[in-house]
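Shown here: protein-v7.cif, mmCIF, C-alpha atoms and all ligand atoms.
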```
data_input
#
loop_
_atom_site.label_atom_id
_atom_site.label_comp_id
_atom_site.auth_asym_id
_atom_site.auth_seq_id
_atom_site.Cartn_x
_atom_site.Cartn_y
_atom_site.Cartn_z
CA MET A 19 -77.12 154.18 -67.43
CA ASP A 20 -79.52 152.25 -65.18
CA ARG A 21 -81.89 154.16 -62.95
CA PRO A 22 -80.26 154.55 -59.53
CA LYS A 23 -81.75 152.58 -56.66
CA ILE A 24 -81.48 155.61 -54.40
CA ASP A 25 -81.31 159.14 -55.74
CA VAL A 26 -80.58 161.85 -53.16
CA ARG A 27 -81.29 165.24 -54.72
CA ASP A 28 -80.01 168.43 -53.20
CA LEU A 29 -81.01 167.81 -49.59
CA TRP A 30 -81.05 170.68 -47.11
CA LYS A 31 -82.05 170.35 -43.49
CA ARG A 32 -82.41 173.00 -40.84
CA PHE A 33 -83.68 172.40 -37.31
CA ASP A 34 -85.49 175.42 -35.87
CA GLY A 35 -85.89 175.52 -32.09
CA GLN A 36 -86.88 178.23 -29.62
CA GLY A 37 -84.50 180.99 -30.59
CA THR A 38 -82.09 178.54 -32.22
CA SER A 39 -81.70 177.45 -35.75
CA ILE A 40 -79.16 174.95 -36.89
CA GLU A 41 -78.20 174.16 -40.46
CA VAL A 42 -77.37 170.47 -40.68
CA LEU A 43 -77.39 169.46 -44.34
CA SER A 44 -76.47 171.97 -47.03
CA GLY A 45 -76.96 170.57 -50.48
CA VAL A 46 -76.25 166.85 -50.33
CA SER A 47 -76.68 164.92 -53.59
CA PHE A 48 -75.56 161.44 -54.55
CA GLN A 49 -76.79 158.28 -56.18
CA VAL A 50 -76.59 154.68 -55.07
CA HIS A 51 -77.01 151.80 -57.49
CA ASP A 52 -78.74 148.53 -56.77
CA GLY A 53 -76.52 146.20 -54.75
CA GLU A 54 -74.01 148.84 -53.67
CA PHE A 55 -72.69 148.90 -50.11
CA VAL A 56 -72.19 152.55 -49.24
CA CYS A 57 -70.58 153.73 -46.00
CA PHE A 58 -71.04 157.27 -44.66
CA LEU A 59 -68.07 158.58 -42.74
CA GLY A 60 -68.05 161.92 -40.99
CA PRO A 61 -67.37 163.64 -37.69
CA SER A 62 -69.77 163.35 -34.77
CA GLY A 63 -72.67 165.79 -35.08
CA SER A 64 -72.17 166.27 -38.80
CA GLY A 65 -75.64 165.05 -39.71
CA LYS A 66 -75.18 161.41 -40.74
CA THR A 67 -78.12 160.18 -38.68
CA THR A 68 -80.25 163.07 -39.91
CA LEU A 69 -79.38 162.22 -43.51
CA LEU A 70 -80.12 158.52 -43.10
CA GLN A 71 -83.41 159.24 -41.35
CA ILE A 72 -84.49 161.48 -44.21
CA ILE A 73 -83.52 158.79 -46.75
CA GLY A 74 -85.44 156.23 -44.67
CA GLY A 75 -88.55 158.42 -44.58
CA PHE A 76 -88.48 159.09 -40.83
CA ASP A 77 -87.86 162.82 -41.23
CA ALA A 78 -88.54 165.34 -43.97
CA PRO A 79 -85.89 167.55 -45.57
CA SER A 80 -86.21 171.34 -45.53
CA ARG A 81 -85.51 171.25 -49.26
CA GLY A 82 -84.71 168.58 -51.83
CA GLU A 83 -85.99 165.06 -52.23
CA VAL A 84 -85.04 161.40 -52.10
CA LEU A 85 -86.17 158.88 -54.69
CA VAL A 86 -86.02 155.13 -54.17
CA ASP A 87 -86.80 153.02 -57.25
CA GLY A 88 -87.83 156.25 -58.97
CA GLU A 89 -90.42 157.21 -56.37
CA VAL A 90 -90.23 160.07 -53.91
CA VAL A 91 -89.82 158.82 -50.32
CA ALA A 92 -92.74 160.05 -48.22
CA GLY A 93 -92.40 157.71 -45.21
CA PRO A 94 -90.90 154.46 -43.99
CA HIS A 95 -91.33 151.32 -46.12
CA PRO A 96 -91.74 147.76 -44.79
CA LYS A 97 -88.97 146.35 -47.02
CA ARG A 98 -86.51 149.17 -46.36
CA ILE A 99 -85.27 148.38 -42.92
CA PHE A 100 -83.63 150.77 -40.51
CA VAL A 101 -81.20 149.72 -37.79
CA PHE A 102 -81.06 152.59 -35.33
CA GLN A 103 -77.98 153.98 -33.62
CA GLU A 104 -79.76 153.69 -30.30
CA SER A 105 -81.76 150.63 -29.54
CA GLY A 106 -84.88 150.35 -31.65
CA ILE A 107 -86.26 147.19 -30.08
CA PHE A 108 -89.47 146.86 -28.11
CA PRO A 109 -88.94 146.51 -24.34
CA TRP A 110 -92.16 144.58 -23.79
CA LEU A 111 -91.31 141.85 -26.34
CA GLN A 112 -88.99 138.89 -25.88
CA VAL A 113 -85.93 138.47 -28.11
CA ARG A 114 -87.69 135.99 -30.41
CA GLN A 115 -90.77 138.20 -30.68
CA ASN A 116 -88.66 141.25 -31.49
CA ILE A 117 -86.79 139.36 -34.20
CA GLY A 118 -89.98 137.91 -35.70
CA LEU A 119 -91.78 141.24 -35.71
CA GLY A 120 -91.54 141.92 -39.44
CA LEU A 121 -92.38 138.40 -40.57
CA GLY A 122 -96.10 139.05 -40.85
CA GLU A 123 -98.29 136.24 -42.04
CA LEU A 124 -95.79 133.38 -42.31
CA PRO A 125 -96.86 129.92 -41.09
CA PRO A 126 -95.67 129.40 -37.49
CA LEU A 127 -93.09 126.73 -38.33
CA GLU A 128 -91.47 128.77 -41.09
CA ARG A 129 -91.45 131.79 -38.83
CA LYS A 130 -89.81 129.79 -36.07
CA ARG A 131 -87.16 128.48 -38.46
CA ILE A 132 -86.23 131.97 -39.68
CA VAL A 133 -86.15 133.44 -36.18
CA SER A 134 -83.95 130.59 -34.88
CA HIS A 135 -81.58 130.96 -37.83
CA TYR A 136 -80.98 134.64 -37.13
CA ILE A 137 -80.82 134.19 -33.36
CA GLU A 138 -78.01 131.74 -33.90
CA MET A 139 -76.30 133.95 -36.46
CA VAL A 140 -76.03 136.88 -34.08
CA GLY A 141 -75.00 134.67 -31.16
CA LEU A 142 -78.11 135.02 -29.00
CA SER A 143 -78.95 131.32 -28.62
CA GLY A 144 -80.21 130.74 -25.09
CA PHE A 145 -81.70 134.25 -24.89
CA GLU A 146 -84.78 133.62 -27.06
CA ALA A 147 -87.17 134.32 -24.19
CA ALA A 148 -85.22 137.19 -22.61
CA TYR A 149 -86.61 140.71 -22.44
CA PRO A 150 -84.48 143.65 -23.59
CA HIS A 151 -83.81 144.89 -20.03
CA GLU A 152 -82.07 141.56 -19.38
CA LEU A 153 -79.62 142.13 -22.26
CA SER A 154 -76.44 144.17 -22.60
CA GLY A 155 -76.26 147.11 -25.04
CA GLY A 156 -74.41 145.00 -27.60
CA MET A 157 -76.93 142.18 -27.32
CA LYS A 158 -79.79 144.58 -27.92
CA GLN A 159 -78.01 145.86 -30.98
CA ARG A 160 -77.67 142.28 -32.25
CA VAL A 161 -81.42 141.78 -31.82
CA GLN A 162 -81.97 144.77 -34.10
CA VAL A 163 -79.58 143.44 -36.72
CA ALA A 164 -81.22 139.99 -36.62
CA ARG A 165 -84.67 141.52 -36.98
CA ALA A 166 -83.51 143.60 -39.94
CA LEU A 167 -81.99 140.62 -41.75
CA ALA A 168 -84.90 138.28 -41.00
CA VAL A 169 -87.37 140.21 -43.16
CA ASN A 170 -85.24 139.76 -46.26
CA PRO A 171 -85.00 143.52 -46.75
CA ASP A 172 -84.75 145.23 -50.09
CA VAL A 173 -82.66 148.07 -48.65
CA LEU A 174 -80.85 148.21 -45.31
CA TYR A 175 -80.17 151.52 -43.58
CA MET A 176 -77.74 150.93 -40.73
CA ASP A 177 -76.77 153.72 -38.34
CA GLU A 178 -73.60 152.64 -36.52
CA PRO A 179 -75.17 149.24 -35.89
CA PHE A 180 -72.03 147.75 -34.38
CA GLY A 181 -70.95 150.80 -32.40
CA ALA A 182 -71.89 149.33 -29.03
CA LEU A 183 -70.33 145.92 -29.64
CA ASP A 184 -67.01 144.64 -28.31
CA SER A 185 -64.31 144.45 -30.94
CA LEU A 186 -64.51 140.68 -31.43
CA THR A 187 -68.28 140.65 -31.92
CA ARG A 188 -67.89 143.65 -34.19
CA LEU A 189 -65.50 141.80 -36.46
CA LYS A 190 -67.77 138.78 -36.50
CA MET A 191 -70.83 140.86 -37.36
CA ARG A 192 -68.94 142.71 -40.11
CA ALA A 193 -67.88 139.42 -41.68
CA GLU A 194 -71.44 138.12 -41.41
CA LEU A 195 -72.89 141.24 -42.98
CA VAL A 196 -70.42 141.05 -45.88
CA ARG A 197 -71.28 137.37 -46.36
CA ILE A 198 -75.01 138.17 -46.49
CA TRP A 199 -74.43 141.11 -48.79
CA GLU A 200 -72.31 139.02 -51.16
CA ARG A 201 -74.95 136.32 -51.24
CA GLU A 202 -78.00 138.53 -51.57
CA ARG A 203 -76.68 141.84 -52.97
CA ARG A 204 -79.02 144.04 -51.03
CA THR A 205 -78.42 147.76 -51.21
CA ILE A 206 -76.91 148.90 -47.92
CA LEU A 207 -76.29 152.39 -46.53
CA PHE A 208 -74.16 152.13 -43.41
CA VAL A 209 -73.07 154.95 -41.10
CA THR A 210 -69.84 154.56 -39.17
CA HIS A 211 -67.14 156.60 -37.44
CA ASP A 212 -64.65 153.85 -38.01
CA ILE A 213 -62.41 154.24 -41.05
CA ASP A 214 -61.35 150.58 -41.04
CA GLU A 215 -64.94 149.44 -40.75
CA ALA A 216 -65.84 151.56 -43.79
CA ILE A 217 -62.98 150.20 -45.91
CA GLN A 218 -63.67 146.63 -44.88
CA LEU A 219 -67.35 146.84 -45.78
CA ALA A 220 -67.98 149.36 -48.51
CA THR A 221 -68.01 149.37 -52.26
CA THR A 222 -68.13 153.17 -51.93
CA VAL A 223 -67.24 155.45 -49.01
CA ILE A 224 -68.82 158.90 -48.84
CA VAL A 225 -66.88 161.26 -46.57
CA PHE A 226 -68.90 164.16 -45.13
CA THR A 227 -67.64 167.53 -43.94
CA PRO A 228 -68.37 168.88 -40.45
CA ARG A 229 -71.72 170.65 -40.10
CA PRO A 230 -73.31 172.16 -42.14
CA THR A 231 -72.71 168.98 -44.00
CA ARG A 232 -71.77 168.57 -47.60
CA ILE A 233 -70.07 165.69 -49.32
CA GLN A 234 -66.33 166.13 -49.02
CA THR A 235 -65.33 163.24 -51.22
CA VAL A 236 -66.52 159.94 -52.66
CA ILE A 237 -64.02 157.11 -52.60
CA GLU A 238 -64.51 153.86 -54.49
CA VAL A 239 -63.17 150.76 -52.75
CA PRO A 240 -62.48 148.24 -55.52
CA LEU A 241 -60.59 145.82 -53.26
CA PRO A 242 -61.30 142.10 -53.74
CA ARG A 243 -62.86 140.14 -50.88
CA PRO A 244 -61.94 138.82 -48.42
CA ARG A 245 -60.09 142.06 -47.88
CA ASP A 246 -56.53 142.00 -46.69
CA LEU A 247 -56.15 144.76 -44.10
CA GLU A 248 -52.43 144.91 -44.61
CA SER A 249 -52.29 145.02 -48.39
CA PRO A 250 -50.70 148.13 -49.97
CA ALA A 251 -53.98 148.85 -51.81
CA TYR A 252 -55.95 148.80 -48.52
CA LEU A 253 -53.43 151.05 -46.81
CA ALA A 254 -53.42 153.48 -49.72
CA ILE A 255 -57.19 153.93 -49.43
CA LYS A 256 -56.90 154.30 -45.66
CA GLU A 257 -54.22 156.94 -46.08
CA GLN A 258 -56.38 158.85 -48.53
CA ILE A 259 -59.40 158.82 -46.19
CA CYS A 260 -57.29 159.81 -43.17
CA GLN A 261 -55.93 162.74 -45.14
CA GLU A 262 -59.40 163.81 -46.22
CA MET A 263 -60.59 163.70 -42.62
CA GLY A 264 -57.49 165.30 -41.13
CA VAL A 265 -56.73 162.21 -39.03
CA PRO A 266 -53.14 161.09 -38.50
CA LEU A 267 -52.48 157.63 -39.94
CA ARG A 268 -49.59 156.97 -37.58
CA ILE A 269 -49.38 157.90 -33.91
N1 LIG B 1 -84.55 166.65 -33.85
C1 LIG B 1 -83.54 167.51 -33.78
N2 LIG B 1 -83.77 168.79 -33.37
C2 LIG B 1 -82.77 169.68 -33.32
N3 LIG B 1 -81.49 169.43 -33.65
C3 LIG B 1 -81.21 168.19 -34.06
C4 LIG B 1 -82.20 167.16 -34.15
N4 LIG B 1 -81.61 166.03 -34.61
C5 LIG B 1 -80.32 166.34 -34.76
N5 LIG B 1 -80.06 167.63 -34.46
C6 LIG B 1 -78.76 168.31 -34.57
O1 LIG B 1 -78.27 168.05 -35.87
C7 LIG B 1 -76.87 167.84 -35.84
C8 LIG B 1 -76.54 166.53 -36.52
O2 LIG B 1 -77.01 165.47 -35.72
P1 LIG B 1 -76.89 163.96 -36.20
O3 LIG B 1 -77.46 163.12 -35.15
O4 LIG B 1 -77.47 163.84 -37.58
O5 LIG B 1 -75.30 163.81 -36.30
P2 LIG B 1 -74.40 162.50 -36.54
O6 LIG B 1 -73.49 162.82 -37.67
O7 LIG B 1 -75.27 161.31 -36.69
O8 LIG B 1 -73.55 162.42 -35.19
P3 LIG B 1 -72.96 161.12 -34.41
O9 LIG B 1 -71.83 160.66 -35.26
O10 LIG B 1 -72.52 161.68 -33.11
O11 LIG B 1 -74.06 160.12 -34.31
C9 LIG B 1 -76.45 167.92 -34.37
O12 LIG B 1 -75.87 169.16 -34.15
C10 LIG B 1 -77.75 167.77 -33.61
O13 LIG B 1 -77.71 168.53 -32.44
MG MG B 2 -75.53 159.62 -35.59
#
```
Represent the structure contained in this file as structure tokens.
Amino acid sequence: MDRPKIDVRDLWKRFDGQGTSIEVLSGVSFQVHDGEFVCFLGPSGSGKTTLLQIIGGFDAPSRGEVLVDGEVVAGPHPKRIFVFQESGIFPWLQVRQNIGLGLGELPPLERKRIVSHYIEMVGLSGFEAAYPHELSGGMKQRVQVARALAVNPDVLYMDEPFGALDSLTRLKMRAELVRIWERERRTILFVTHDIDEAIQLATTVIVFTPRPTRIQTVIEVPLPRPRDLESPAYLAIKEQICQEMGVPLRI
């Protein structure tokens, strides 16, 4: 078997505060292979952001380790890009500067071409010179997604990146992300609350328990793309996930 791209080994995480101590992760292990699109599903407060931040090198586990390409993660990496749940863009930079931030030493024309391409892709044409305070929450989120895609990332860690978007933009961004993933086969870890979003996007869905979090189940999603949201195979997977999460499928 090939070496996994991401190897999460027995992660534990406890936050100790003044007089409080909270156990968030309790023995989480899984592997992700190169080019997989993995969605994390779990209740609010279960530790999905904490887990992703540890995998991304932004936080350290209390116990356990994460390996990417066979090496222990000790901090963030310029080709492993994180899209934060809350806006991670710089307020003092214009939209085009935020999006071009990771492009480093490229010649100015090439840089301009890439930035324009992604500005158009996320529907921000006309806002190139705007500052973040002039944008809506969803627009700021789109700046983050564009910036992440522009650097041609090796791995994408996305924490509810479309959570603040209206449902139409959400669908559009999902379709765009799938198109990019199909073309470039990056490895993607994607946190969401939304069961449909997970089944539409993922090759594998990992369902987490409430805190202290363990893996409840791992569900493969072998559906062909484009995915038909009304096919019996789609609905069967949805029913299985709803059951696992104790969510009614019909109301
Ligand atoms: N820096 C921190 N210090 C103390 N407690 C924290 C810290 N970060 C997170 N927690 C706690 O850890 C738990 C998990 O938080 P986390 O943000 O990982 O959940 P989540 O699954 O991403 O939730 P949501 O779906 O609402 O985004 C929460 O109870 C939270 O209060
Ligand atoms: Mg979160």
Check your understanding: What does the distance between CA of Gln234 in chain A and atom O2 of ligand LIG 1 (chain B) come to in Å, to one decimal place?
Key -> 17.1 Å
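Shortest separation to Gln103 in chain A among A:Thr227, A:Thr205, A:Gln71, A:Ser44 occurs at residue A:Gln71, atoms counted being only C-alpha atoms.
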Exercise for review: May I have the protein, DNA and RNA residues with any atom at most 10 Å from the point (-80.3, 152.9, -54.1), counting only C-alpha atoms, written as a PyMOL selection string?
Suggested key: chain A and resi 21-26+48-56+73+84-88+172-174+204-207
Practice item. Produce as number ranges by chain the set of residues near ligand LIG 1 (chain B), where near means within 6 Å with all atoms listed in the file considered. Key: A: 33, 42, 61-68
Exercise for review: Could you give me, as a PyMOL selection string, the residues within 10 Å of Ile72 in chain A, counting only C-alpha atoms and dropping anything in the same chain fewer than 6 positions from it?
Suggested key: chain A and resi 26+29+31+66+78-79+83-84+91-94
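Closest approach to ligand MG 2 (chain B) among A:Met157, A:Val236, A:Val209, A:Val163 is made by A:Val209 (distances from all atoms listed in the file).
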